[in-house]
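Student: Pasting work_34.cif here (mmCIF, C-alpha atoms and all ligand atoms):
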```
data_structure
loop_
_atom_site.group_PDB
_atom_site.id
_atom_site.type_symbol
_atom_site.label_atom_id
_atom_site.label_comp_id
_atom_site.auth_asym_id
_atom_site.auth_seq_id
_atom_site.Cartn_x
_atom_site.Cartn_y
_atom_site.Cartn_z
ATOM 1 C CA MET A 1 0.000 0.000 0.000
ATOM 2 C CA SER A 2 1.420 3.369 -1.033
ATOM 3 C CA VAL A 3 2.034 6.130 1.499
ATOM 4 C CA GLU A 4 3.041 8.671 -1.138
ATOM 5 C CA SER A 5 1.179 11.976 -1.461
ATOM 6 C CA ALA A 6 1.181 13.724 -4.812
ATOM 7 C CA ALA A 7 2.283 17.366 -4.981
ATOM 8 C CA SER A 8 -0.902 19.458 -5.010
ATOM 9 C CA PRO A 9 -1.614 23.154 -5.486
ATOM 10 C CA LEU A 10 -4.120 22.845 -2.602
ATOM 11 C CA ARG A 11 -2.582 24.325 0.539
ATOM 12 C CA TYR A 12 -4.587 24.182 3.749
ATOM 13 C CA LYS A 13 -4.328 26.577 6.656
ATOM 14 C CA ARG A 14 -6.233 24.433 9.138
ATOM 15 C CA LEU A 15 -9.346 22.479 10.009
ATOM 16 C CA ALA A 16 -11.757 25.312 10.810
ATOM 17 C CA TYR A 17 -15.046 23.699 11.753
ATOM 18 C CA VAL A 18 -17.303 20.686 11.673
ATOM 19 C CA ALA A 19 -21.071 20.770 11.184
ATOM 20 C CA LEU A 20 -23.159 18.049 12.822
ATOM 21 C CA ASN A 21 -26.803 17.072 12.475
ATOM 22 C CA VAL A 22 -28.350 16.428 15.867
ATOM 23 C CA SER A 23 -31.789 15.129 16.788
ATOM 24 C CA ASP A 24 -32.438 17.572 19.648
ATOM 25 C CA LEU A 25 -30.760 20.946 19.181
ATOM 26 C CA ALA A 26 -31.299 22.217 22.729
ATOM 27 C CA ARG A 27 -30.015 18.992 24.301
ATOM 28 C CA SER A 28 -26.897 18.856 22.134
ATOM 29 C CA THR A 29 -26.192 22.574 22.583
ATOM 30 C CA ALA A 30 -26.259 22.086 26.354
ATOM 31 C CA PHE A 31 -23.987 19.041 26.062
ATOM 32 C CA TYR A 32 -21.329 20.714 23.905
ATOM 33 C CA ARG A 33 -21.492 23.889 26.021
ATOM 34 C CA ASP A 34 -21.699 22.500 29.554
ATOM 35 C CA LEU A 35 -19.892 19.153 29.341
ATOM 36 C CA VAL A 36 -17.462 19.631 26.455
ATOM 37 C CA GLY A 37 -16.788 23.303 27.234
ATOM 38 C CA LEU A 38 -17.472 25.178 23.988
ATOM 39 C CA SER A 39 -19.123 28.584 24.083
ATOM 40 C CA VAL A 40 -22.195 29.522 22.078
ATOM 41 C CA SER A 41 -21.545 32.440 19.715
ATOM 42 C CA GLU A 42 -24.906 32.484 18.028
ATOM 43 C CA SER A 43 -28.167 30.660 17.826
ATOM 44 C CA CYS A 44 -30.196 31.325 14.687
ATOM 45 C CA GLU A 45 -33.015 29.712 12.743
ATOM 46 C CA ALA A 46 -30.662 27.427 10.801
ATOM 47 C CA PHE A 47 -28.019 26.428 13.367
ATOM 48 C CA VAL A 48 -26.297 26.910 16.703
ATOM 49 C CA ALA A 49 -22.695 28.121 16.387
ATOM 50 C CA LEU A 50 -20.198 27.146 19.082
ATOM 51 C CA ARG A 51 -16.519 27.936 19.401
ATOM 52 C CA CYS A 52 -13.305 27.109 21.227
ATOM 53 C CA SER A 53 -11.245 29.941 19.687
ATOM 54 C CA ARG A 54 -11.652 33.478 18.348
ATOM 55 C CA ASP A 55 -13.512 32.018 15.336
ATOM 56 C CA HIS A 56 -17.228 32.582 14.998
ATOM 57 C CA HIS A 57 -17.653 28.814 14.984
ATOM 58 C CA ASN A 58 -15.683 25.624 15.290
ATOM 59 C CA LEU A 59 -18.820 23.504 15.654
ATOM 60 C CA LEU A 60 -22.173 24.087 13.985
ATOM 61 C CA LEU A 61 -25.183 22.121 15.187
ATOM 62 C CA TYR A 62 -28.111 21.676 12.801
ATOM 63 C CA ARG A 63 -31.411 20.028 13.585
ATOM 64 C CA GLY A 64 -31.412 16.856 11.523
ATOM 65 C CA ARG A 65 -33.536 13.769 11.053
ATOM 66 C CA GLN A 66 -30.535 11.500 11.489
ATOM 67 C CA PRO A 67 -27.545 12.357 13.661
ATOM 68 C CA GLY A 68 -24.275 12.635 11.800
ATOM 69 C CA ILE A 69 -21.841 14.828 9.971
ATOM 70 C CA LYS A 70 -23.154 17.482 7.626
ATOM 71 C CA ARG A 71 -19.837 18.901 6.450
ATOM 72 C CA VAL A 72 -16.318 19.780 7.412
ATOM 73 C CA GLY A 73 -14.659 23.145 6.733
ATOM 74 C CA PHE A 74 -10.969 23.714 6.014
ATOM 75 C CA GLU A 75 -9.579 27.230 5.844
ATOM 76 C CA LEU A 76 -7.253 28.331 3.054
ATOM 77 C CA ASP A 77 -4.912 31.318 3.263
ATOM 78 C CA SER A 78 -6.428 33.706 0.751
ATOM 79 C CA VAL A 79 -9.105 34.410 -1.809
ATOM 80 C CA ALA A 80 -6.423 33.798 -4.477
ATOM 81 C CA GLU A 81 -5.799 30.302 -3.066
ATOM 82 C CA LEU A 82 -9.535 29.625 -3.074
ATOM 83 C CA ALA A 83 -9.656 30.540 -6.780
ATOM 84 C CA THR A 84 -6.753 28.160 -7.450
ATOM 85 C CA ALA A 85 -8.507 25.445 -5.466
ATOM 86 C CA ARG A 86 -11.702 25.921 -7.483
ATOM 87 C CA ARG A 87 -9.825 25.502 -10.789
ATOM 88 C CA GLU A 88 -7.971 22.464 -9.459
ATOM 89 C CA LEU A 89 -11.142 20.775 -8.158
ATOM 90 C CA GLU A 90 -12.979 21.410 -11.410
ATOM 91 C CA ALA A 91 -10.023 20.034 -13.365
ATOM 92 C CA LEU A 92 -10.331 16.890 -11.233
ATOM 93 C CA GLY A 93 -13.919 16.593 -12.463
ATOM 94 C CA LEU A 94 -15.545 17.513 -9.157
ATOM 95 C CA SER A 95 -18.722 19.535 -9.038
ATOM 96 C CA VAL A 96 -17.936 22.709 -7.086
ATOM 97 C CA GLU A 97 -20.708 24.661 -5.385
ATOM 98 C CA ALA A 98 -20.437 28.368 -4.655
ATOM 99 C CA LEU A 99 -22.123 29.585 -1.474
ATOM 100 C CA SER A 100 -24.812 32.247 -1.778
ATOM 101 C CA LYS A 101 -24.141 35.706 -0.370
ATOM 102 C CA GLU A 102 -26.783 34.999 2.287
ATOM 103 C CA GLU A 103 -25.095 31.808 3.450
ATOM 104 C CA LEU A 104 -21.638 33.403 3.499
ATOM 105 C CA LYS A 105 -23.103 36.195 5.608
ATOM 106 C CA ALA A 106 -24.764 33.750 7.983
ATOM 107 C CA LEU A 107 -21.518 31.783 8.287
ATOM 108 C CA ARG A 108 -19.538 35.007 8.850
ATOM 109 C CA THR A 109 -17.122 33.945 6.135
ATOM 110 C CA VAL A 110 -15.510 36.031 3.366
ATOM 111 C CA ASP A 111 -15.692 33.329 0.688
ATOM 112 C CA ALA A 112 -16.093 29.565 0.439
ATOM 113 C CA LEU A 113 -16.819 26.693 -1.909
ATOM 114 C CA ARG A 114 -18.070 23.166 -1.366
ATOM 115 C CA PHE A 115 -17.579 19.816 -3.027
ATOM 116 C CA ARG A 116 -18.166 16.193 -2.089
ATOM 117 C CA LEU A 117 -15.480 13.642 -1.444
ATOM 118 C CA PRO A 118 -16.084 10.918 -4.060
ATOM 119 C CA GLY A 119 -17.082 7.624 -2.461
ATOM 120 C CA CYS A 120 -18.416 8.504 0.972
ATOM 121 C CA GLY A 121 -19.916 11.800 -0.248
ATOM 122 C CA LEU A 122 -18.698 13.937 2.669
ATOM 123 C CA CYS A 123 -19.301 17.627 1.978
ATOM 124 C CA ILE A 124 -16.003 19.496 2.254
ATOM 125 C CA GLU A 125 -16.040 23.277 2.477
ATOM 126 C CA LEU A 126 -12.947 25.316 1.670
ATOM 127 C CA LEU A 127 -13.254 28.758 3.208
ATOM 128 C CA VAL A 128 -11.343 31.972 3.531
ATOM 129 C CA GLN A 129 -11.455 34.108 6.656
ATOM 130 C CA MET A 130 -14.056 33.371 9.237
ATOM 131 C CA MET A 131 -14.992 36.326 11.439
ATOM 132 C CA HIS A 132 -12.880 36.764 14.567
ATOM 133 C CA MET A 133 -15.002 37.434 17.610
ATOM 134 C CA ALA A 134 -14.245 40.496 19.729
ATOM 135 C CA GLU A 135 -14.230 38.492 22.941
ATOM 136 C CA PRO A 136 -11.668 35.716 23.307
ATOM 137 C CA TYR A 137 -12.908 32.175 23.909
ATOM 138 C CA ARG A 138 -13.038 31.718 27.664
ATOM 139 C CA PRO A 139 -12.468 28.094 28.673
ATOM 140 C CA THR A 140 -14.931 26.780 31.245
ATOM 141 C CA VAL A 141 -14.948 23.104 32.185
ATOM 142 C CA SER A 142 -11.933 22.273 29.997
ATOM 143 C CA LYS A 143 -9.074 24.236 28.471
ATOM 144 C CA ILE A 144 -9.792 23.424 24.845
ATOM 145 C CA GLU A 145 -6.964 24.427 22.519
ATOM 146 C CA ARG A 146 -8.687 23.796 19.216
ATOM 147 C CA LEU A 147 -10.956 21.588 17.179
ATOM 148 C CA GLY A 148 -8.409 18.856 16.466
ATOM 149 C CA HIS A 149 -9.603 16.385 13.879
ATOM 150 C CA VAL A 150 -12.432 14.527 12.232
ATOM 151 C CA VAL A 151 -12.340 10.779 11.557
ATOM 152 C CA LEU A 152 -14.549 8.824 9.153
ATOM 153 C CA ASN A 153 -15.051 5.143 8.514
ATOM 154 C CA VAL A 154 -15.060 4.528 4.771
ATOM 155 C CA ARG A 155 -16.058 1.484 2.772
ATOM 156 C CA ASP A 156 -13.475 2.044 0.041
ATOM 157 C CA PHE A 157 -10.328 2.883 1.976
ATOM 158 C CA GLN A 158 -7.973 2.898 -1.021
ATOM 159 C CA ALA A 159 -10.252 5.086 -3.142
ATOM 160 C CA ALA A 160 -10.523 7.614 -0.290
ATOM 161 C CA MET A 161 -6.725 7.585 0.068
ATOM 162 C CA ASP A 162 -6.299 8.135 -3.650
ATOM 163 C CA TRP A 163 -8.562 11.182 -3.529
ATOM 164 C CA LEU A 164 -7.339 12.703 -0.299
ATOM 165 C CA CYS A 165 -3.618 12.157 -0.797
ATOM 166 C CA GLY A 166 -3.336 11.677 -4.539
ATOM 167 C CA LYS A 167 -5.503 14.626 -5.555
ATOM 168 C CA LEU A 168 -6.555 16.843 -2.646
ATOM 169 C CA GLY A 169 -3.174 17.571 -1.070
ATOM 170 C CA PHE A 170 -3.439 15.701 2.247
ATOM 171 C CA ARG A 171 -0.212 14.087 3.497
ATOM 172 C CA VAL A 172 0.036 10.757 5.284
ATOM 173 C CA SER A 173 1.616 11.068 8.733
ATOM 174 C CA ASP A 174 1.063 7.439 9.731
ATOM 175 C CA LEU A 175 -0.555 4.447 8.113
ATOM 176 C CA VAL A 176 -1.905 1.276 9.669
ATOM 177 C CA PRO A 177 -2.067 -0.762 6.458
ATOM 178 C CA GLU A 178 -5.586 -1.330 5.150
ATOM 179 C CA PHE A 179 -7.018 -0.073 8.439
ATOM 180 C CA ALA A 180 -6.225 3.562 9.285
ATOM 181 C CA ALA A 181 -4.586 6.603 7.733
ATOM 182 C CA PHE A 182 -3.761 9.715 9.745
ATOM 183 C CA LEU A 183 -3.641 12.680 7.401
ATOM 184 C CA ARG A 184 -2.373 16.209 7.851
ATOM 185 C CA CYS A 185 -3.768 19.055 5.845
ATOM 186 C CA HIS A 186 -0.444 20.214 4.479
ATOM 187 C CA PRO A 187 1.236 22.600 5.224
ATOM 188 C CA ASN A 188 -0.563 22.682 8.601
ATOM 189 C CA PRO A 189 1.895 21.022 11.007
ATOM 190 C CA LEU A 190 -0.507 18.907 13.082
ATOM 191 C CA HIS A 191 -0.003 15.135 12.766
ATOM 192 C CA HIS A 192 -3.600 14.754 11.632
ATOM 193 C CA SER A 193 -6.602 16.976 11.106
ATOM 194 C CA PHE A 194 -8.447 14.231 9.273
ATOM 195 C CA ALA A 195 -8.238 10.450 9.354
ATOM 196 C CA ILE A 196 -9.959 7.528 7.709
ATOM 197 C CA LEU A 197 -10.592 4.034 8.994
ATOM 198 C CA ALA A 198 -11.578 1.089 6.834
ATOM 199 C CA GLY A 199 -15.153 0.079 7.626
ATOM 200 C CA ALA A 200 -18.147 -1.857 6.380
ATOM 201 C CA GLU A 201 -20.108 1.415 6.002
ATOM 202 C CA ASP A 202 -19.318 5.069 5.368
ATOM 203 C CA HIS A 203 -19.962 6.982 8.606
ATOM 204 C CA LEU A 204 -18.565 9.451 11.102
ATOM 205 C CA ASN A 205 -16.191 7.822 13.571
ATOM 206 C CA HIS A 206 -15.509 10.778 15.870
ATOM 207 C CA ILE A 207 -14.681 14.432 16.225
ATOM 208 C CA ASN A 208 -11.773 15.561 18.381
ATOM 209 C CA PHE A 209 -11.005 18.559 20.557
ATOM 210 C CA MET A 210 -7.421 19.085 21.715
ATOM 211 C CA VAL A 211 -6.940 20.251 25.296
ATOM 212 C CA THR A 212 -3.992 22.150 26.724
ATOM 213 C CA ASP A 213 -3.365 20.120 29.863
ATOM 214 C CA ILE A 214 -3.262 16.496 30.938
ATOM 215 C CA ASP A 215 -5.495 17.477 33.858
ATOM 216 C CA ASP A 216 -8.224 18.274 31.318
ATOM 217 C CA ILE A 217 -8.291 14.579 30.396
ATOM 218 C CA GLY A 218 -8.471 13.358 34.002
ATOM 219 C CA CYS A 219 -11.047 15.946 35.058
ATOM 220 C CA ALA A 220 -13.139 15.233 31.971
ATOM 221 C CA MET A 221 -13.286 11.543 32.839
ATOM 222 C CA ASN A 222 -14.814 12.272 36.229
ATOM 223 C CA ARG A 223 -17.083 15.077 34.981
ATOM 224 C CA ILE A 224 -18.393 12.951 32.156
ATOM 225 C CA LYS A 225 -19.022 9.872 34.262
ATOM 226 C CA LYS A 226 -20.762 11.990 36.920
ATOM 227 C CA ALA A 227 -23.091 13.347 34.236
ATOM 228 C CA GLY A 228 -24.026 9.769 33.280
ATOM 229 C CA VAL A 229 -22.299 9.987 29.903
ATOM 230 C CA GLU A 230 -20.620 6.848 28.607
ATOM 231 C CA VAL A 231 -16.833 6.821 28.251
ATOM 232 C CA VAL A 232 -16.289 4.626 25.189
ATOM 233 C CA PHE A 233 -12.484 4.407 25.011
ATOM 234 C CA GLY A 234 -9.626 5.401 27.299
ATOM 235 C CA PRO A 235 -8.050 7.069 29.006
ATOM 236 C CA GLY A 236 -5.075 5.918 26.993
ATOM 237 C CA ARG A 237 -2.182 6.944 24.763
ATOM 238 C CA HIS A 238 -2.257 6.753 20.983
ATOM 239 C CA GLN A 239 1.000 5.632 19.414
ATOM 240 C CA PRO A 240 0.516 7.492 16.088
ATOM 241 C CA SER A 241 0.235 11.083 17.369
ATOM 242 C CA GLU A 242 1.556 10.287 20.884
ATOM 243 C CA SER A 243 -1.505 11.965 22.394
ATOM 244 C CA ILE A 244 -3.291 11.008 25.615
ATOM 245 C CA PHE A 245 -6.969 10.540 24.925
ATOM 246 C CA LEU A 246 -10.497 10.014 26.227
ATOM 247 C CA TYR A 247 -13.583 9.297 24.102
ATOM 248 C CA PHE A 248 -17.184 9.701 25.187
ATOM 249 C CA GLN A 249 -20.597 9.828 23.564
ATOM 250 C CA ASP A 250 -22.730 12.852 22.763
ATOM 251 C CA PRO A 251 -26.511 12.725 23.345
ATOM 252 C CA ASP A 252 -27.084 11.123 19.920
ATOM 253 C CA GLY A 253 -24.385 8.511 20.501
ATOM 254 C CA MET A 254 -21.793 10.243 18.314
ATOM 255 C CA THR A 255 -18.254 9.843 19.610
ATOM 256 C CA VAL A 256 -16.272 12.844 20.852
ATOM 257 C CA GLU A 257 -12.577 12.698 21.729
ATOM 258 C CA TYR A 258 -10.493 14.900 23.972
ATOM 259 C CA SER A 259 -6.751 14.596 23.422
ATOM 260 C CA PHE A 260 -3.661 16.111 24.925
ATOM 261 C CA GLY A 261 -0.447 16.482 22.910
ATOM 262 C CA MET A 262 0.252 15.845 19.243
ATOM 263 C CA GLU A 263 3.328 15.487 17.054
ATOM 264 C CA LYS A 264 3.945 18.404 14.666
ATOM 265 C CA PHE A 265 5.546 18.274 11.232
ATOM 266 C CA PRO A 266 7.620 20.908 9.451
ATOM 267 C CA GLU A 267 6.445 21.956 5.990
ATOM 268 C CA PHE A 268 9.738 20.835 4.449
ATOM 269 C CA GLY A 269 11.878 17.877 5.446
ATOM 270 C CA ALA A 270 9.123 16.114 7.374
ATOM 271 C CA ARG A 271 9.704 12.511 8.394
ATOM 272 C CA GLU A 272 8.292 9.823 6.158
ATOM 273 C CA ALA A 273 4.951 8.281 7.016
ATOM 274 C CA ARG A 274 5.413 5.246 9.260
ATOM 275 C CA LEU A 275 3.790 1.881 8.648
ATOM 276 C CA LEU A 276 2.316 0.914 12.016
ATOM 277 C CA GLU A 277 1.451 -2.588 13.094
ATOM 278 C CA PRO A 278 -2.301 -3.292 13.006
ATOM 279 C CA VAL A 279 -2.629 -4.361 16.665
ATOM 280 C CA PRO A 280 -4.629 -2.804 19.546
ATOM 281 C CA ALA A 281 -1.446 -1.465 21.230
ATOM 282 C CA THR A 282 -0.878 0.857 18.260
ATOM 283 C CA LEU A 283 -4.141 2.598 19.062
ATOM 284 C CA ASP A 284 -3.650 2.538 22.831
ATOM 285 C CA SER A 285 -0.325 1.690 24.433
ATOM 286 C CA TRP A 286 -2.014 1.775 27.871
ATOM 287 C CA GLY A 287 -4.203 -1.179 26.949
ATOM 288 C CA SER A 288 -7.791 0.109 27.178
ATOM 289 C CA VAL A 289 -10.368 -1.451 24.900
ATOM 290 C CA PRO A 290 -13.032 0.465 22.943
ATOM 291 C CA ALA A 291 -16.653 -0.100 24.050
ATOM 292 C CA PRO A 292 -19.074 -1.402 21.398
ATOM 293 C CA GLY A 293 -20.479 2.120 20.856
ATOM 294 C CA PHE A 294 -17.103 3.644 20.002
ATOM 295 C CA GLY A 295 -17.167 5.423 16.637
ATOM 296 C CA LYS A 296 -20.351 3.739 15.450
ATOM 297 C CA THR A 297 -22.927 6.537 15.150
ATOM 298 C CA GLY A 298 -23.014 9.365 12.641
ATOM 299 C CA ARG A 299 -24.443 9.325 9.141
ATOM 300 C CA ILE A 300 -22.560 11.241 6.468
ATOM 301 C CA GLU A 301 -25.160 13.631 5.025
ATOM 302 C CA THR A 302 -25.457 13.289 1.289
ATOM 303 C CA PRO A 303 -27.995 14.938 -1.062
ATOM 304 C CA ALA A 304 -31.452 13.315 -0.923
HETATM 305 C C1 LIG A 401 -8.591 4.892 17.670
HETATM 306 C C2 LIG A 401 -8.572 6.021 16.705
HETATM 307 C C3 LIG A 401 -8.819 5.658 15.307
HETATM 308 C C4 LIG A 401 -7.315 6.895 16.825
HETATM 309 C C5 LIG A 401 -6.032 6.363 16.803
HETATM 310 C C6 LIG A 401 -4.939 7.211 16.932
HETATM 311 C C7 LIG A 401 -5.119 8.579 17.109
HETATM 312 C C8 LIG A 401 -3.944 9.475 17.312
HETATM 313 O O1 LIG A 401 -2.825 9.021 17.115
HETATM 314 O O2 LIG A 401 -4.138 10.658 17.696
HETATM 315 C C9 LIG A 401 -6.414 9.117 17.136
HETATM 316 O O3 LIG A 401 -6.647 10.425 17.309
HETATM 317 C C10 LIG A 401 -7.497 8.265 16.984
HETATM 318 O O4 LIG A 401 -8.726 8.792 17.050
HETATM 319 FE FE FE A 402 -8.893 10.839 17.146
#
```
Could you take the file, read its structure, and then write that structure out as structure tokens?
Ligand SMILES: CC(C)c1ccc(C(=O)O)c(O)c1O
Ligand SMILES: [Fe+2]
Tutor:
Amino acid sequence: MSVESAASPLRYKRLAYVALNVSDLARSTAFYRDLVGLSVSESCEAFVALRCSRDHHNLLLYRGRQPGIKRVGFELDSVAELATARRELEALGLSVEALSKEELKALRTVDALRFRLPGCGLCIELLVQMMHMAEPYRPTVSKIERLGHVVLNVRDFQAAMDWLCGKLGFRVSDLVPEFAAFLRCHPNPLHHSFAILAGAEDHLNHINFMVTDIDDIGCAMNRIKKAGVEVVFGPGRHQPSESIFLYFQDPDGMTVEYSFGMEKFPEFGAREARLLEPVPATLDSWGSVPAPGFGKTGRIETPA
């Protein structure tokens, strides 16, 4: 299995936000605010916007018939880079959607486009400049550093790899052959902002928030258990990114991860992707075992 990434004109600044469909907007808003520790920037007819940074939103919650992932947004550096990305995506034969002025205004974003990842159909938004809020994000129950990554299970692992790394400019940081690929959105230095796992179905596996302190992991475990929320994996340490982690379930059963620590890569001269042994210790060197509900719930929204 190849771990090569093709040179691509697509250059990502960072993972900016994830949009989820939830069955009960008020219940999920309370969960992500009070237990996860995000702050609500806005609640409008279409969505609730929450953040863990100066951005207007790092998480958007939409009322949806089936819980799952609606889209994921990556920020690019400039309007010029967005124009390059549009040409590149169209040259790849993808159908690129422009956002209406109204939607850009509602999303507090200068410009953006959307396309779907062939295969699983995930809607990917590329955006430029989300509004910075006047007030800094004030951590509450946990010192969240950023929205860290999004992980999907995909039926056709190799096809997803070919698109993401062969055409869309993601780089492989680590590969567990035929099982998992941890991808960085080059030239962003984080070990992974996106990952795919081989699965029987296409679905969301989990979303991740990175915390600034190991105590945030320990305190979260007790806070979450006390609230009657199921811990579905951990605490433990991942070998790929070297992070310490804890996974728990949101009110719809979608999996949320907190992690502390992550390897960073330079833009040039980065180490090669490693081939990691497909054994449980690769995923957790402390030896915890995922519960049956880990990473199971979350439909990928595709057009009706
Ligand atoms: C168990 C899942 C797929 C996993 C494995 C490794 C890392 C990491 O190295 O950071 C993750 O974040 C994961 O979610
Ligand atoms: Fe993760």
Student: Counting only C-alpha atoms and all ligand atoms, figure out which residue out of A:Glu242, A:Gly166, A:Thr297, A:Val151 gets nearest to ligand FE 402 (chain A).
Tutor: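 Closest candidate: A:Val151.
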Student: Pull out every residue that the PyMOL selection byres (((not hetatm)) within 8 of (chain A and resi 401)) matches in the shown coordinates and put them as a list in words.
Tutor: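 Selection result, ordered by chain and number: His149, Val151, Ala180, Phe182, His191, His192, Ala195, Ile196, Leu197, Asn205, His206, Asn208, Arg237, His238, Gln239, Pro240, Ser241, Glu242, Ser243, Ile244, Phe245, Glu257, Ser259, Met262, Thr282, Leu283 and Asp284 of chain A.
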Student: Rounded to one decimal, what separation in Å do you get between CA of Pro187 (chain A) and CA of Phe268 (chain A)?
Tutor: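 Result for CA of Pro187 (chain A) versus CA of Phe268 (chain A): 8.7 Å, one decimal.
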Student: Name the residues in contact with region 159-162 of chain A at a cut-off of 10 Å, using only C-alpha atoms, excluding same-chain residues fewer than 3 positions from it; report them as an MDAnalysis selection string.
Tutor: chainID A and resid 2:6 117:120 154:156 165:168 170:172 181 183 195:198
Student: Go ahead and dump the residues you just picked, C-alpha atoms, as a JSON list (two decimals), in the frame of the given file.
Tutor:
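Output file part.json is given in full below:
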```json
[["chain", "number", "residue", "atom", "x", "y", "z"],
["A", 2, "SER", "CA", 1.42, 3.37, -1.03],
["A", 3, "VAL", "CA", 2.03, 6.13, 1.50],
["A", 4, "GLU", "CA", 3.04, 8.67, -1.14],
["A", 5, "SER", "CA", 1.18, 11.98, -1.46],
["A", 6, "ALA", "CA", 1.18, 13.72, -4.81],
["A", 117, "LEU", "CA", -15.48, 13.64, -1.44],
["A", 118, "PRO", "CA", -16.08, 10.92, -4.06],
["A", 119, "GLY", "CA", -17.08, 7.62, -2.46],
["A", 120, "CYS", "CA", -18.42, 8.50, 0.97],
["A", 154, "VAL", "CA", -15.06, 4.53, 4.77],
["A", 155, "ARG", "CA", -16.06, 1.48, 2.77],
["A", 156, "ASP", "CA", -13.48, 2.04, 0.04],
["A", 165, "CYS", "CA", -3.62, 12.16, -0.80],
["A", 166, "GLY", "CA", -3.34, 11.68, -4.54],
["A", 167, "LYS", "CA", -5.50, 14.63, -5.56],
["A", 168, "LEU", "CA", -6.56, 16.84, -2.65],
["A", 170, "PHE", "CA", -3.44, 15.70, 2.25],
["A", 171, "ARG", "CA", -0.21, 14.09, 3.50],
["A", 172, "VAL", "CA", 0.04, 10.76, 5.28],
["A", 181, "ALA", "CA", -4.59, 6.60, 7.73],
["A", 183, "LEU", "CA", -3.64, 12.68, 7.40],
["A", 195, "ALA", "CA", -8.24, 10.45, 9.35],
["A", 196, "ILE", "CA", -9.96, 7.53, 7.71],
["A", 197, "LEU", "CA", -10.59, 4.03, 8.99],
["A", 198, "ALA", "CA", -11.58, 1.09, 6.83]]
```
Student: Select, from A:Val96, A:Val150, A:Ile124, A:Leu276, the residue with the minimum atom-to-atom distance to ligand FE 402 (chain A), counting all atoms listed in the file.
Tutor: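 Ranked by minimum distance to ligand FE 402 (chain A), first place goes to A:Val150.
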Student: Can you translate the PyMOL selection byres (((chain A and resi 255) around 7) and not hetatm) into the concrete residues it hits in this file, as a list in words?
Tutor: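 Going through the file, the PyMOL selection byres (((chain A and resi 255) around 7) and not hetatm) ends up selecting Asn205, His206, Ile207, Tyr247, Phe248, Gln249, Asp250, Gly253, Met254, Val256, Glu257, Phe294 and Gly295 of chain A.
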Student: Using the selection just defined, write its residues with C-alpha atoms as a PDB file, in the coordinates of the input.
Tutor:
```
ATOM      1  CA  ASN A 205     -16.191   7.822  13.571  1.00  0.00           C
ATOM      2  CA  HIS A 206     -15.509  10.778  15.870  1.00  0.00           C
ATOM      3  CA  ILE A 207     -14.681  14.432  16.225  1.00  0.00           C
ATOM      4  CA  TYR A 247     -13.583   9.297  24.102  1.00  0.00           C
ATOM      5  CA  PHE A 248     -17.184   9.701  25.187  1.00  0.00           C
ATOM      6  CA  GLN A 249     -20.597   9.828  23.564  1.00  0.00           C
ATOM      7  CA  ASP A 250     -22.730  12.852  22.763  1.00  0.00           C
ATOM      8  CA  GLY A 253     -24.385   8.511  20.501  1.00  0.00           C
ATOM      9  CA  MET A 254     -21.793  10.243  18.314  1.00  0.00           C
ATOM     10  CA  VAL A 256     -16.272  12.844  20.852  1.00  0.00           C
ATOM     11  CA  GLU A 257     -12.577  12.698  21.729  1.00  0.00           C
ATOM     12  CA  PHE A 294     -17.103   3.644  20.002  1.00  0.00           C
ATOM     13  CA  GLY A 295     -17.167   5.423  16.637  1.00  0.00           C
TER      14      GLY A 295
END
```
Student: Name the residues captured by the PyMOL selection byres (((chain A and resi 11) around 9) and not hetatm) when it is applied to the shown file; answer as a list in words.
Tutor: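 Selection result, ordered by chain and number: Ser8, Pro9, Leu10, Tyr12, Lys13, Leu76, Asp77, Glu81, Ala85, Gly169, Phe170, Cys185, His186, Pro187 and Asn188 of chain A.
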Student: Please report the interatomic distance between CA of Thr84 (chain A) and CA of Ala16 (chain A) in Å with one decimal.
Tutor: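 Taking CA of Thr84 (chain A) as the start and CA of Ala16 (chain A) as the end point, the length is 19.1 Å.
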Student: At a cut-off of 12 Å, using all atoms listed in the file, what residues contact Gly37 (chain A)? Leave out same-chain residues fewer than 2 positions from it and give the result as a VMD selection string.
Tutor: chain A and resid 29 to 35 39 to 40 50 to 53 59 137 to 147 209 to 211 216 220 223 to 224 258
Student: Write the residues of the preceding selection, restricted to C-alpha atoms, as a compact mmCIF listing (two decimals), in the coordinates of the input.
Tutor:
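This is the output file result.txt:
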```
# COMPACT_ATOMS: atom_id res chain seq x y z
CA THR A 29 -26.19 22.57 22.58
CA ALA A 30 -26.26 22.09 26.35
CA PHE A 31 -23.99 19.04 26.06
CA TYR A 32 -21.33 20.71 23.90
CA ARG A 33 -21.49 23.89 26.02
CA ASP A 34 -21.70 22.50 29.55
CA LEU A 35 -19.89 19.15 29.34
CA SER A 39 -19.12 28.58 24.08
CA VAL A 40 -22.20 29.52 22.08
CA LEU A 50 -20.20 27.15 19.08
CA ARG A 51 -16.52 27.94 19.40
CA CYS A 52 -13.30 27.11 21.23
CA SER A 53 -11.24 29.94 19.69
CA LEU A 59 -18.82 23.50 15.65
CA TYR A 137 -12.91 32.17 23.91
CA ARG A 138 -13.04 31.72 27.66
CA PRO A 139 -12.47 28.09 28.67
CA THR A 140 -14.93 26.78 31.24
CA VAL A 141 -14.95 23.10 32.18
CA SER A 142 -11.93 22.27 30.00
CA LYS A 143 -9.07 24.24 28.47
CA ILE A 144 -9.79 23.42 24.84
CA GLU A 145 -6.96 24.43 22.52
CA ARG A 146 -8.69 23.80 19.22
CA LEU A 147 -10.96 21.59 17.18
CA PHE A 209 -11.00 18.56 20.56
CA MET A 210 -7.42 19.08 21.72
CA VAL A 211 -6.94 20.25 25.30
CA ASP A 216 -8.22 18.27 31.32
CA ALA A 220 -13.14 15.23 31.97
CA ARG A 223 -17.08 15.08 34.98
CA ILE A 224 -18.39 12.95 32.16
CA TYR A 258 -10.49 14.90 23.97
```
